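Q: To be precise about what I am sending: the file is called protein.tsv and holds TSV, C-alpha atoms and all ligand atoms.
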```tsv
chain	number	residue	atom	x	y	z
A	1	MET	CA	97.13	98.63	96.83
A	2	THR	CA	100.13	99.26	94.57
A	3	LYS	CA	99.03	100.75	91.30
A	4	SER	CA	100.47	99.21	88.17
A	5	LEU	CA	102.03	101.62	85.76
A	6	PRO	CA	99.63	103.39	83.45
A	7	ARG	CA	99.47	102.81	79.71
A	8	ARG	CA	98.33	106.30	78.81
A	9	GLN	CA	101.43	108.03	77.57
A	10	ALA	CA	102.14	107.95	73.85
A	11	GLY	CA	100.13	110.96	72.75
A	12	LYS	CA	102.45	113.84	73.43
A	13	ILE	CA	105.56	112.52	71.84
A	14	GLN	CA	103.74	111.20	68.79
A	15	ASN	CA	101.93	114.49	68.33
A	16	HIS	CA	105.25	116.33	68.19
A	17	ARG	CA	106.33	113.98	65.44
A	18	ARG	CA	103.13	114.44	63.49
A	19	GLY	CA	103.45	118.16	63.90
A	20	GLY	CA	106.53	118.06	61.69
A	21	GLY	CA	108.79	119.30	64.46
A	22	MET	CA	111.52	116.82	63.52
A	23	SER	CA	114.49	118.36	61.83
A	24	THR	CA	115.84	116.77	58.66
A	25	GLN	CA	119.37	117.70	59.79
A	26	GLN	CA	121.63	115.19	61.53
A	27	PRO	CA	120.77	115.08	65.22
A	28	PRO	CA	123.37	116.34	67.69
A	29	PRO	CA	125.63	113.55	68.99
A	30	ASN	CA	123.90	113.26	72.36
A	31	THR	CA	120.68	112.08	70.70
A	32	LEU	CA	122.36	109.07	69.09
A	33	ALA	CA	121.27	105.71	70.42
A	34	PRO	CA	123.68	104.53	73.12
A	35	GLN	CA	125.56	101.26	72.73
A	36	PRO	CA	124.60	98.35	74.96
A	37	GLU	CA	126.76	98.02	78.03
A	38	LEU	CA	128.11	94.51	78.53
A	39	ILE	CA	128.26	93.69	82.19
A	40	ALA	CA	130.58	90.95	83.38
A	41	GLU	CA	129.30	90.30	86.89
A	42	LYS	CA	126.43	92.01	88.58
A	43	GLU	CA	124.82	89.27	90.55
A	44	VAL	CA	122.41	89.26	93.45
A	45	GLN	CA	121.98	85.93	95.25
A	46	VAL	CA	118.34	85.02	95.87
A	47	LEU	CA	116.80	82.22	97.99
A	48	ASP	CA	119.04	79.19	98.60
A	49	LEU	CA	120.40	78.55	95.12
A	50	GLY	CA	118.98	81.29	92.92
A	51	PHE	CA	120.31	84.49	91.51
A	52	VAL	CA	119.57	87.53	89.39
A	53	ARG	CA	122.43	88.58	87.13
A	54	LEU	CA	122.39	91.75	85.10
A	55	ILE	CA	124.28	90.83	81.96
A	56	GLU	CA	123.48	93.67	79.56
A	57	PHE	CA	122.15	97.15	79.91
A	58	MET	CA	121.34	99.99	77.52
A	59	GLY	CA	119.99	103.50	77.72
A	60	GLY	CA	119.63	104.29	81.39
A	61	ASP	CA	118.33	107.60	82.71
A	62	LEU	CA	119.99	109.49	79.87
A	63	GLY	CA	118.42	107.14	77.35
A	64	VAL	CA	115.03	108.13	78.73
A	65	VAL	CA	115.95	111.82	78.58
A	66	ARG	CA	117.17	111.51	75.00
A	67	ALA	CA	114.02	109.65	73.95
A	68	ALA	CA	111.78	112.24	75.57
A	69	ARG	CA	113.60	115.14	73.92
A	70	VAL	CA	114.17	113.55	70.53
A	71	SER	CA	111.27	115.47	69.02
A	72	TYR	CA	113.11	118.70	69.87
A	73	GLY	CA	116.42	117.37	68.52
A	74	THR	CA	118.03	117.86	71.91
A	75	GLY	CA	119.44	115.49	74.51
A	76	SER	CA	120.80	116.01	77.99
A	77	LYS	CA	120.48	119.47	79.53
A	78	GLY	CA	122.45	118.70	82.65
A	79	GLU	CA	121.59	116.75	85.78
A	80	GLU	CA	119.08	119.09	87.37
A	81	LYS	CA	116.94	119.52	84.27
A	82	ASP	CA	117.25	115.86	83.28
A	83	ARG	CA	116.16	114.63	86.71
A	84	LYS	CA	113.29	117.08	86.64
A	85	LEU	CA	112.23	115.79	83.23
A	86	ILE	CA	112.26	112.17	84.43
A	87	ALA	CA	110.21	113.13	87.49
A	88	TYR	CA	107.76	114.98	85.24
A	89	LEU	CA	107.40	112.02	82.87
A	90	ILE	CA	106.67	109.59	85.69
A	91	LYS	CA	104.41	111.94	87.58
A	92	HIS	CA	102.34	112.64	84.47
A	93	GLU	CA	102.39	109.03	83.28
A	94	HIS	CA	104.27	109.68	80.04
A	95	MET	CA	105.86	106.26	80.08
A	96	THR	CA	107.07	105.47	76.53
A	97	PRO	CA	110.52	107.13	76.98
A	98	PHE	CA	111.22	104.52	79.67
A	99	GLU	CA	110.88	101.80	77.05
A	100	HIS	CA	114.25	102.91	75.64
A	101	ALA	CA	116.21	101.76	78.66
A	102	ILE	CA	116.78	98.02	78.40
A	103	PHE	CA	117.97	95.44	80.90
A	104	LYS	CA	118.94	91.85	80.14
A	105	PHE	CA	118.94	89.54	83.15
A	106	HIS	CA	119.98	85.95	83.69
A	107	ILE	CA	117.65	84.49	86.30
A	108	LYS	CA	117.86	81.28	88.27
A	109	CYS	CA	114.70	80.57	90.26
A	110	PRO	CA	112.35	77.72	91.19
A	111	ILE	CA	109.81	76.78	88.52
A	112	PHE	CA	106.84	78.05	90.55
A	113	VAL	CA	108.49	81.50	90.68
A	114	ALA	CA	109.22	81.38	86.94
A	115	ARG	CA	105.57	80.60	86.25
A	116	GLN	CA	104.53	83.77	88.06
A	117	TRP	CA	107.28	85.70	86.32
A	118	PHE	CA	106.23	84.61	82.84
A	119	ARG	CA	102.83	86.19	83.36
A	120	HIS	CA	104.63	89.49	82.75
A	121	ARG	CA	104.20	89.65	79.01
A	122	ILE	CA	106.03	92.87	78.24
A	123	GLY	CA	109.56	91.60	77.95
A	124	SER	CA	111.54	88.93	76.15
A	125	TYR	CA	112.47	85.68	77.76
A	126	GLU	CA	115.03	83.06	76.76
A	127	LEU	CA	114.75	79.74	78.53
A	128	GLY	CA	117.99	77.88	79.20
A	129	SER	CA	118.83	74.23	79.02
A	130	PHE	CA	115.62	72.68	80.25
A	131	GLU	CA	112.85	74.75	78.74
A	132	GLY	CA	110.97	75.64	81.91
A	133	SER	CA	112.55	72.50	83.22
A	134	GLY	CA	110.47	71.22	80.42
A	135	LEU	CA	107.41	71.52	82.60
A	136	PHE	CA	106.01	74.41	80.70
A	137	GLU	CA	106.93	76.56	77.80
A	138	ALA	CA	106.41	80.25	77.76
A	139	SER	CA	104.94	82.04	74.82
A	140	GLY	CA	104.22	85.53	73.66
A	141	SER	CA	106.96	87.31	75.50
A	142	GLY	CA	109.81	85.46	73.82
A	143	ILE	CA	110.91	83.65	76.96
A	144	ASN	CA	114.08	81.62	76.70
A	145	GLU	CA	114.62	79.01	79.34
A	146	ILE	CA	116.65	75.87	79.91
A	147	SER	CA	115.18	72.89	78.03
A	148	GLY	CA	114.63	69.63	79.86
A	149	ARG	CA	113.90	68.10	76.48
A	150	TYR	CA	117.55	68.39	75.51
A	151	VAL	CA	119.61	68.22	78.70
A	152	GLU	CA	119.42	66.21	81.86
A	153	VAL	CA	118.28	68.48	84.66
A	154	PRO	CA	120.52	68.90	87.74
A	155	ASP	CA	119.04	68.01	91.15
A	156	GLU	CA	118.71	71.57	92.36
A	157	PHE	CA	115.58	72.15	94.39
A	158	TYR	CA	114.43	75.12	96.43
A	159	VAL	CA	114.07	74.32	100.11
A	160	PRO	CA	112.38	77.09	102.12
A	161	ASN	CA	113.93	78.09	105.41
A	162	THR	CA	110.55	78.58	106.98
A	163	TRP	CA	107.24	76.97	106.11
A	164	ARG	CA	104.26	79.30	106.18
A	165	ALA	CA	100.57	78.69	106.85
A	166	PRO	CA	97.71	80.41	104.97
A	167	ASP	CA	97.35	84.06	105.92
A	168	SER	CA	94.39	84.55	108.23
A	169	LYS	CA	93.25	87.71	106.39
A	170	ASN	CA	94.51	87.40	102.82
A	171	LYS	CA	93.42	84.02	101.44
A	172	GLN	CA	96.06	84.12	98.70
A	173	GLY	CA	98.87	84.98	101.10
A	174	SER	CA	100.79	83.09	103.75
A	175	GLN	CA	102.37	83.80	107.09
A	176	ALA	CA	104.88	82.26	109.47
A	177	THR	CA	103.25	80.60	112.45
A	178	PRO	CA	104.56	78.63	115.44
A	179	GLN	CA	101.81	76.06	114.84
A	180	LEU	CA	103.60	74.52	111.87
A	181	ASP	CA	105.96	71.62	112.48
A	182	GLN	CA	108.92	72.98	110.51
A	183	LYS	CA	111.01	69.85	110.92
A	184	LYS	CA	108.25	67.62	109.59
A	185	CYS	CA	107.52	69.85	106.57
A	186	HIS	CA	111.22	70.02	105.80
A	187	ALA	CA	111.66	66.25	106.00
A	188	LEU	CA	108.63	65.65	103.75
A	189	MET	CA	110.00	67.97	101.12
A	190	GLU	CA	113.51	66.47	101.25
A	191	LYS	CA	111.98	63.02	100.85
A	192	HIS	CA	109.95	64.12	97.87
A	193	HIS	CA	112.96	65.76	96.21
A	194	GLN	CA	115.06	62.63	96.62
A	195	GLN	CA	112.32	60.32	95.44
A	196	SER	CA	111.24	62.34	92.43
A	197	PHE	CA	114.81	62.86	91.29
A	198	SER	CA	115.57	59.17	91.75
A	199	ILE	CA	112.50	58.25	89.65
A	200	TYR	CA	113.57	60.79	87.02
A	201	ARG	CA	117.01	59.13	86.85
A	202	GLN	CA	115.45	55.64	86.74
A	203	LEU	CA	113.20	56.64	83.85
A	204	LEU	CA	116.19	57.99	81.94
A	205	GLU	CA	118.13	54.80	82.64
A	206	ALA	CA	115.13	52.78	81.41
A	207	GLY	CA	115.49	54.61	78.11
A	208	VAL	CA	112.69	57.17	78.48
A	209	ALA	CA	113.20	60.43	76.59
A	210	ARG	CA	114.21	63.46	78.69
A	211	GLU	CA	111.11	65.32	77.55
A	212	MET	CA	108.98	62.65	79.25
A	213	ALA	CA	111.14	61.76	82.27
A	214	ARG	CA	110.99	65.41	83.42
A	215	MET	CA	107.24	65.02	84.01
A	216	VAL	CA	107.91	63.59	87.47
A	217	LEU	CA	109.91	66.61	88.70
A	218	PRO	CA	108.39	69.07	91.20
A	219	LEU	CA	107.77	72.83	90.94
A	220	SER	CA	110.54	73.48	93.45
A	221	LEU	CA	113.14	72.50	90.82
A	222	TYR	CA	115.36	75.40	89.79
A	223	THR	CA	115.23	76.65	86.25
A	224	GLN	CA	117.16	79.35	84.43
A	225	PHE	CA	116.16	81.89	81.84
A	226	TYR	CA	117.13	85.14	80.21
A	227	TRP	CA	114.76	88.05	80.60
A	228	THR	CA	115.08	91.26	78.64
A	229	ALA	CA	112.75	94.02	79.74
A	230	ASN	CA	112.58	97.77	79.42
A	231	ALA	CA	112.49	100.12	82.39
A	232	ARG	CA	108.75	100.66	82.06
A	233	SER	CA	108.01	96.97	82.27
A	234	LEU	CA	110.50	96.57	85.13
A	235	MET	CA	108.72	99.25	87.13
A	236	ASN	CA	105.45	97.42	86.58
A	237	PHE	CA	107.08	94.16	87.67
A	238	ILE	CA	108.54	95.78	90.80
A	239	ALA	CA	105.25	97.52	91.68
A	240	LEU	CA	103.42	94.19	91.54
A	241	ARG	CA	105.99	91.70	92.75
A	242	ALA	CA	107.96	93.60	95.41
A	243	ASP	CA	104.69	94.24	97.20
A	244	ALA	CA	103.65	92.19	100.22
A	245	ALA	CA	100.66	90.86	98.24
A	246	ALA	CA	103.02	88.84	96.03
A	247	GLN	CA	104.36	85.45	97.11
A	248	TRP	CA	107.37	85.88	99.40
A	249	GLU	CA	109.70	84.00	97.07
A	250	ILE	CA	109.04	86.19	94.02
A	251	GLN	CA	109.25	89.24	96.28
A	252	GLN	CA	112.88	88.30	96.93
A	253	TYR	CA	113.56	88.30	93.19
A	254	ALA	CA	111.74	91.60	92.72
A	255	GLU	CA	113.95	93.11	95.42
A	256	ALA	CA	117.06	91.84	93.65
A	257	ILE	CA	115.82	93.41	90.40
A	258	THR	CA	115.16	96.58	92.38
A	259	ASP	CA	118.77	96.73	93.61
A	260	LEU	CA	120.13	96.48	90.08
A	261	PHE	CA	117.54	98.86	88.67
A	262	ALA	CA	118.28	101.50	91.32
A	263	GLN	CA	122.02	101.24	90.62
A	264	LYS	CA	121.65	101.65	86.87
A	265	MET	CA	118.81	104.21	86.78
A	266	PRO	CA	118.96	106.19	90.03
A	267	TRP	CA	116.90	109.17	88.78
A	268	THR	CA	114.13	106.97	87.44
A	269	TRP	CA	114.23	104.91	90.61
A	270	GLU	CA	113.77	107.90	92.91
A	271	SER	CA	110.85	109.15	90.81
A	272	PHE	CA	109.29	105.69	90.73
A	273	LEU	CA	109.48	105.52	94.52
A	274	SER	CA	108.16	109.04	94.96
A	275	PHE	CA	105.26	108.97	92.50
A	276	VAL	CA	104.37	105.34	91.74
A	277	TRP	CA	105.30	103.06	94.61
A	278	GLU	CA	102.38	102.68	97.01
A	279	GLY	CA	103.02	99.10	98.01
A	280	SER	CA	104.11	97.45	101.17
A	281	ASN	CA	107.73	96.39	101.40
A	282	PRO	CA	109.91	97.43	104.36
A	283	ASN	CA	112.99	98.10	102.25
A	284	LEU	CA	111.23	100.10	99.53
A	285	ASN	CA	109.03	101.93	102.01
A	286	ALA	CA	112.11	102.99	103.99
A	287	GLN	CA	113.81	104.22	100.82
A	288	LYS	CA	110.70	106.17	99.88
A	289	GLN	CA	110.43	107.68	103.33
A	290	LYS	CA	114.05	108.80	103.19
A	291	LEU	CA	113.50	110.36	99.78
A	292	LEU	CA	110.45	112.25	100.97
A	293	GLU	CA	112.37	113.54	104.00
A	294	ILE	CA	115.24	114.93	101.95
A	295	SER	CA	112.96	115.91	99.03
A	296	SER	CA	115.75	115.20	96.60
A	297	ILE	CA	113.54	115.30	93.52
A	298	PRO	CA	114.06	118.61	91.77
B	301	LIG	C1	99.71	89.56	94.00
B	301	LIG	C2	99.35	88.96	92.69
B	301	LIG	C3	98.39	87.97	92.62
B	301	LIG	C4	98.06	87.39	91.41
B	301	LIG	N1	97.12	86.43	91.36
B	301	LIG	C5	96.78	85.87	90.20
B	301	LIG	C6	95.78	84.85	90.13
B	301	LIG	O1	95.20	84.47	91.12
B	301	LIG	N2	95.49	84.32	88.92
B	301	LIG	C7	96.12	84.74	87.78
B	301	LIG	O2	95.79	84.23	86.71
B	301	LIG	N3	97.06	85.70	87.81
B	301	LIG	C8	97.40	86.27	88.97
B	301	LIG	N4	98.37	87.24	89.00
B	301	LIG	C9	99.03	87.63	87.75
B	301	LIG	C10	98.48	88.97	87.23
B	301	LIG	O3	97.09	88.87	86.94
B	301	LIG	C11	99.24	89.44	85.98
B	301	LIG	O4	99.05	88.48	84.96
B	301	LIG	C12	100.72	89.58	86.21
B	301	LIG	O5	100.96	90.25	87.41
B	301	LIG	C13	101.34	90.35	85.06
B	301	LIG	O6	100.99	91.71	85.21
B	301	LIG	P1	100.81	92.68	83.97
B	301	LIG	O7	99.74	92.18	83.08
B	301	LIG	O8	100.65	94.07	84.53
B	301	LIG	O9	102.26	92.58	83.30
B	301	LIG	P2	102.62	92.54	81.75
B	301	LIG	O10	102.03	91.37	81.10
B	301	LIG	O11	104.12	92.69	81.67
B	301	LIG	O12	101.90	93.81	81.16
B	301	LIG	C14	102.34	95.11	81.52
B	301	LIG	C15	101.22	96.07	81.20
B	301	LIG	O13	101.04	96.10	79.79
B	301	LIG	C16	99.65	96.22	79.50
B	301	LIG	N5	99.25	95.05	78.74
B	301	LIG	C17	99.95	93.91	78.55
B	301	LIG	N6	99.29	93.08	77.75
B	301	LIG	C18	98.13	93.69	77.45
B	301	LIG	C19	97.02	93.32	76.69
B	301	LIG	N7	96.92	92.15	76.07
B	301	LIG	N8	96.01	94.20	76.56
B	301	LIG	C20	96.06	95.40	77.17
B	301	LIG	N9	97.09	95.82	77.94
B	301	LIG	C21	98.12	94.97	78.06
B	301	LIG	C22	98.92	96.34	80.82
B	301	LIG	O14	98.79	97.70	81.15
B	301	LIG	C23	99.86	95.69	81.77
B	301	LIG	O15	99.72	96.14	83.12
B	301	LIG	C24	98.72	87.81	90.22
B	301	LIG	C25	99.69	88.81	90.29
B	301	LIG	C26	100.01	89.39	91.50
B	301	LIG	C27	101.08	90.46	91.54
```
Represent the structure of the file as structure tokens.

A:
Amino acid sequence: MTKSLPRRQAGKIQNHRRGGGMSTQQPPPNTLAPQPELIAEKEVQVLDLGFVRLIEFMGGDLGVVRAARVSYGTGSKGEEKDRKLIAYLIKHEHMTPFEHAIFKFHIKCPIFVARQWFRHRIGSYELGSFEGSGLFEASGSGINEISGRYVEVPDEFYVPNTWRAPDSKNKQGSQATPQLDQKKCHALMEKHHQQSFSIYRQLLEAGVAREMARMVLPLSLYTQFYWTANARSLMNFIALRADAAAQWEIQQYAEAITDLFAQKMPWTWESFLSFVWEGSNPNLNAQKQKLLEISSIP
């Protein structure tokens, strides 16, 4: 079972502050908060029509290092020591410094994936032009999603390549099986997409408000939202959703997030894999295995 990231972490850094260790002098330049990095195009395609785009990023590995050392008024001490510090923080579950590295993503996914996603409360969400396709509205985590109350939704539906049957061992899970009539399942879904979208259009033409017409649309409809999350929350998301226990579709999104995360925070990523990741995912497990073989963590 993949363990979710621990919450026990704040004590040490706060104690340093209380202990009056903070200097009243100006901090050295490398402790200043970094500026957000605007990213034009960092997109990973997911499923048939979805994507994960990294659109803004701040902090990174060095942001974590600076946050962890702020109580000493110091910042980076060079790659070897910084990587070691990050490994130490993760290994000993001192997780608050990772909250200073921030990612903003633009996500396009089917509504049923978004519903699972929005359960992750530690992050901010912005729903695009149809507010959860108008089928639900997120709360608490500041989700921003497209609003079907204000715009007409496009006919973009997720169509799985392969239909899966219930998993024989894990009741919640599913598995590919030759027993399923793929062609039939596919045709049924196509029919439903066409019919529901046609009814949606007819309701609009009959003068029904968009916020009501959307009620006939299925969970396979694509929606879009912005999601801003810190590295700590991302690691929790990856630990839970890249694992084989999660639904296959959200696993694909978690893997896309993983790619972008590993690119932007390679030291944190290697420590996450080494000390936190215990899940089942061929790609992540292979990366972890490779890391353990070369023992690259200082
Ligand atoms: C495989 C799988 C199956 C699932 N099945 C179901 C299901 O059948 N039914 C269902 O309802 N949900 C289900 N979920 C959703 C799951 O229960 C979580 O709601 C979701 O994964 C979000 O996880 P989280 O709370 O760790 O994330 P976040 O909400 O982002 O929280 C991150 C961490 O912050 C801390 N935290 C956040 N809020 C609080 C709080 N209020 N109090 C204390 N600590 C807090 C916790 O340590 C938490 O782990 C499933 C999830 C997975 C991965």

Q: With ligand LIG 301 (chain B) as the partner and 6 Å as the cut-off, tabulate the residues of chain A that qualify, each row holding the nearest pair of atoms and their distance in Å to one decimal, using all atoms listed in the file, sorted by chain and rising number, as a tab-separated table.

A:
```
residue	atom	partner	partner_atom	distance
A:Ser4	CA	B:LIG301	O15	6.0
A:Arg7	CA	B:LIG301	O14	5.4
A:Arg119	CA	B:LIG301	O4	4.7
A:His120	CA	B:LIG301	O11	3.4
A:Arg121	CA	B:LIG301	O10	3.5
A:Ile122	CA	B:LIG301	O11	3.9
A:Ser233	CA	B:LIG301	O11	5.8
A:Leu240	CA	B:LIG301	C27	4.4
A:Arg241	CA	B:LIG301	C27	5.2
A:Ala245	CA	B:LIG301	C1	4.5
A:Ala246	CA	B:LIG301	C1	3.9
```

Q: Which polymer residues have any atom within 8 Å of an atom of A:His106, counting all atoms listed in the file, with same-chain residues fewer than 4 positions away left out, as a count of residues only?

A: 9

Q: Do a neighbour search on A:Leu291 at 12 Å with only C-alpha atoms, toss out local chain neighbours closer than 5 positions, and write the hits as a list in words.

A: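 Counting only C-alpha atoms, the residues come to Pro266, Trp267, Trp269, Glu270, Ser271, Phe272, Leu273, Ser274, Phe275, Leu284, Asn285, Ala286, Ser296, Ile297 and Pro298 of chain A.
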
Q: Keeping only C-alpha atoms, write the selected residues to a file as a JSON list (two decimals), keeping the file's coordinate frame.

A:
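Everything below was put into part-v1.json:
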```json
[["chain", "number", "residue", "atom", "x", "y", "z"],
["A", 266, "PRO", "CA", 118.96, 106.19, 90.03],
["A", 267, "TRP", "CA", 116.90, 109.17, 88.78],
["A", 269, "TRP", "CA", 114.23, 104.91, 90.61],
["A", 270, "GLU", "CA", 113.77, 107.90, 92.91],
["A", 271, "SER", "CA", 110.85, 109.15, 90.81],
["A", 272, "PHE", "CA", 109.29, 105.69, 90.73],
["A", 273, "LEU", "CA", 109.48, 105.52, 94.52],
["A", 274, "SER", "CA", 108.16, 109.04, 94.96],
["A", 275, "PHE", "CA", 105.26, 108.97, 92.50],
["A", 284, "LEU", "CA", 111.23, 100.10, 99.53],
["A", 285, "ASN", "CA", 109.03, 101.93, 102.01],
["A", 286, "ALA", "CA", 112.11, 102.99, 103.99],
["A", 296, "SER", "CA", 115.75, 115.20, 96.60],
["A", 297, "ILE", "CA", 113.54, 115.30, 93.52],
["A", 298, "PRO", "CA", 114.06, 118.61, 91.77]]
```

Q: Can you work out the spacing between atom CA of A:Ala114 and atom CA of A:Asp61 in Å, to one decimal?

A: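 Atom-to-atom, atom CA of A:Ala114 and atom CA of A:Asp61 are spaced 28.1 Å apart.
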
Q: Taking into account all atoms listed in the file, which residue in the set A:Pro218, A:Gly73, A:Gly60, A:Gly50 is nearest to A:Ala101?

A: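 Checking each of A:Pro218, A:Gly73, A:Gly60, A:Gly50 against A:Ala101, counting all atoms listed in the file, the winner is A:Gly60.
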
Q: In Å, how far is it from atom CA of A:Lys183 to atom CA of A:Trp248?

A: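 Atom-to-atom, atom CA of A:Lys183 and atom CA of A:Trp248 are spaced 20.1 Å apart.
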
Q: Would you mind reading off the distance between atom CA of A:Val216 and atom CA of A:Asp155, one decimal, in Å?

A: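 Separating atom CA of A:Val216 from atom CA of A:Asp155 is a distance of 12.5 Å.
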
Q: Please determine, counting all atoms listed in the file, which residue among A:Leu234, A:Ala256, A:Val70, A:Ala209 has the shortest atom-to-atom distance to A:Tyr150.

A: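 With all atoms listed in the file as the atom set, the closest residue is A:Ala209.
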
Q: Show me, as a list in words, the residues that have an atom within 9 Å of stretch 160-176 of chain A when counting all atoms listed in the file, minus same-chain residues fewer than 6 positions from it.

A: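 In the requested form, the answer reads Leu47, Asp48, Gln182, Cys185, His186, Ala244, Ala245, Ala246, Gln247, Trp248 and Glu249 of chain A.
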
Q: Which of these, A:Met95, A:Leu217, A:Ala187, A:Leu260, has the shortest distance to A:Asn236 once you count all atoms listed in the file?

A: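 Among the listed residues, the smallest separation from A:Asn236 belongs to A:Met95.
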
Q: Pick out the residues sitting within 10 Å of A:Leu204, and hand them over as a compact mmCIF listing (two decimals) with C-alpha atoms, keeping the file's coordinate frame; count only C-alpha atoms, and ignore anything fewer than 5 positions along from it in its own chain.

A:
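out29.txt was written with the following content:
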```txt
# COMPACT_ATOMS: atom_id res chain seq x y z
CA GLU A 152 119.42 66.21 81.86
CA SER A 198 115.57 59.17 91.75
CA ILE A 199 112.50 58.25 89.65
CA ALA A 209 113.20 60.43 76.59
CA ARG A 210 114.21 63.46 78.69
CA GLU A 211 111.11 65.32 77.55
CA MET A 212 108.98 62.65 79.25
CA ALA A 213 111.14 61.76 82.27
CA ARG A 214 110.99 65.41 83.42
```

Q: Point out the residue among A:Gly207, A:Val64, A:Glu190, A:Tyr158 with the least atom-to-atom distance to A:Val113, counting only C-alpha atoms.

A: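 So, comparing all the options, the nearest one is A:Tyr158.
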
Q: When distances are computed from all atoms listed in the file, which of A:Leu49, A:Val151, A:Met58, A:Ile257 shows the smallest separation from A:Ile102?

A: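 Counting all atoms listed in the file, the residue closest to A:Ile102 is A:Met58.
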
Q: For each of A:Leu127, A:Ala231, A:Ile90, A:Met189, take the minimum atom-to-atom distance to A:Lys264, counting only C-alpha atoms, then give the residue where this is smallest.

A: A:Ala231

Q: Hey, could you patch up stretch 251-266 of chain A with N, CA and C atoms and hand it over as a compact mmCIF listing (two decimals), in the coordinates of the input?

A:
```txt
# COMPACT_ATOMS: atom_id res chain seq x y z
N GLN A 251 108.88 87.93 95.69
CA GLN A 251 109.25 89.24 96.28
C GLN A 251 110.77 89.36 96.39
N GLN A 252 111.42 88.25 96.76
CA GLN A 252 112.88 88.30 96.93
C GLN A 252 113.56 88.60 95.58
N TYR A 253 113.00 88.03 94.52
CA TYR A 253 113.56 88.30 93.19
C TYR A 253 113.28 89.74 92.77
N ALA A 254 112.08 90.21 93.08
CA ALA A 254 111.74 91.60 92.72
C ALA A 254 112.67 92.57 93.45
N GLU A 255 113.03 92.24 94.69
CA GLU A 255 113.95 93.11 95.42
C GLU A 255 115.34 93.10 94.79
N ALA A 256 115.75 91.93 94.31
CA ALA A 256 117.06 91.84 93.65
C ALA A 256 117.06 92.68 92.37
N ILE A 257 115.96 92.60 91.62
CA ILE A 257 115.82 93.41 90.40
C ILE A 257 115.87 94.89 90.78
N THR A 258 115.20 95.21 91.88
CA THR A 258 115.16 96.58 92.38
C THR A 258 116.56 97.12 92.65
N ASP A 259 117.40 96.30 93.30
CA ASP A 259 118.77 96.73 93.61
C ASP A 259 119.51 97.12 92.33
N LEU A 260 119.40 96.24 91.33
CA LEU A 260 120.13 96.48 90.08
C LEU A 260 119.55 97.67 89.32
N PHE A 261 118.23 97.76 89.35
CA PHE A 261 117.54 98.86 88.67
C PHE A 261 117.95 100.20 89.29
N ALA A 262 117.95 100.25 90.62
CA ALA A 262 118.28 101.50 91.32
C ALA A 262 119.72 101.92 91.04
N GLN A 263 120.61 100.92 90.92
CA GLN A 263 122.02 101.24 90.62
C GLN A 263 122.17 101.82 89.23
N LYS A 264 121.45 101.25 88.27
CA LYS A 264 121.65 101.65 86.87
C LYS A 264 120.82 102.88 86.49
N MET A 265 119.67 103.07 87.15
CA MET A 265 118.81 104.21 86.78
C MET A 265 118.35 104.94 88.04
N PRO A 266 119.30 105.59 88.73
CA PRO A 266 118.96 106.19 90.03
C PRO A 266 117.90 107.29 89.95
```
